[in-house]
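Student: This structure is in structure tokens; I'll ask about it shortly.
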Amino acid sequence: MRDTANIEVGSLVFDRAGSLRATVLASNAADLRALERRIETRGLVVESGEVRSGGGRQIMEMVVTP
């Protein structure tokens with residue numbers, strides 16, 4: 001996430017199955033999609049929810065699995 005500009009982590013939760021649930025915020029949806037692609041290029045699987053607005057930012061829930 002450090003390598004993608006304008007991304008803020010709202011929450012991170014690891015579950016017992018090895019998945020990471022994250023709420024990420026950005027200034028626009030394109031930055032969120034760039035983060036999603038960057039994670040996938042590292043060989044991880046990303047399941048993303050719909051992008052929504054909140055507090056002047058774009059918010060997306062995602063689940064990342066190995």
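Lettering and numbering for the structure tokens are positional, with chains as A, B, ... in the shown order, residues counted from 1 in each chain, and ligands counted from 1 in the shown order.
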List as a PyMOL selection string the protein and nucleic acid residues near segment 49-54 of chain A, meaning an atom at most 12 Å away when only C-alpha atoms are counted, but skip any in the same chain fewer than 3 places from it.

Tutor: chain A and resi 10+21-33+36+46+57-64

Student: In segment 17-57 of chain A, what's strand (DSSP E) per DSSP? Answer as a list in words?

Tutor: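 Strand (DSSP E) members of segment 17-57 of chain A, listed: Leu20, Arg21, Ala22, Thr23, Val24, Leu25, Ala26, Val45, Val46, Glu47, Ser48, Arg52, Ser53, Gly54 and Arg57 of chain A.
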
Student: Between atom CA of Val45 of chain A and atom CA of Thr65 of chain A, what is the distance in Å, rounded to a tenth?

Tutor: 5.2 Å

Student: Enumerate as an MDAnalysis selection string all residues of chain A assigned to alpha helix (DSSP H) by DSSP on the backbone, naming them with the chain letters and numbers the document uses.

Tutor: chainID A and resid 29:41

Student: Skip Thr41 of chain A itself and residues of its chain fewer than 6 positions away, then list as an mmCIF file with N, CA, C and O atoms, in the first residue's frame all residues within 12 Å of it, counting only C-alpha atoms.

Tutor:
```
data_model
loop_
_atom_site.group_PDB
_atom_site.id
_atom_site.type_symbol
_atom_site.label_atom_id
_atom_site.label_comp_id
_atom_site.auth_asym_id
_atom_site.auth_seq_id
_atom_site.Cartn_x
_atom_site.Cartn_y
_atom_site.Cartn_z
ATOM 1 N N ALA A 34 -5.892 1.063 -8.631
ATOM 2 C CA ALA A 34 -4.445 0.901 -8.801
ATOM 3 C C ALA A 34 -3.876 0.051 -7.674
ATOM 4 O O ALA A 34 -3.014 -0.812 -7.900
ATOM 5 N N LEU A 35 -4.356 0.256 -6.450
ATOM 6 C CA LEU A 35 -3.920 -0.559 -5.320
ATOM 7 C C LEU A 35 -4.311 -2.014 -5.541
ATOM 8 O O LEU A 35 -3.508 -2.924 -5.328
ATOM 9 N N PRO A 66 -3.903 -15.397 -0.072
ATOM 10 C CA PRO A 66 -2.714 -15.885 -0.804
ATOM 11 C C PRO A 66 -3.086 -16.680 -2.037
ATOM 12 O O PRO A 66 -4.157 -17.131 -2.197
#
```

Student: Give me, please, the distance in Å between atom CA of Asp15 of chain A and atom CA of Gly55 of chain A, quoted to one decimal.

Tutor: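 Rounded to one decimal, the two atoms are 27.5 Å apart.
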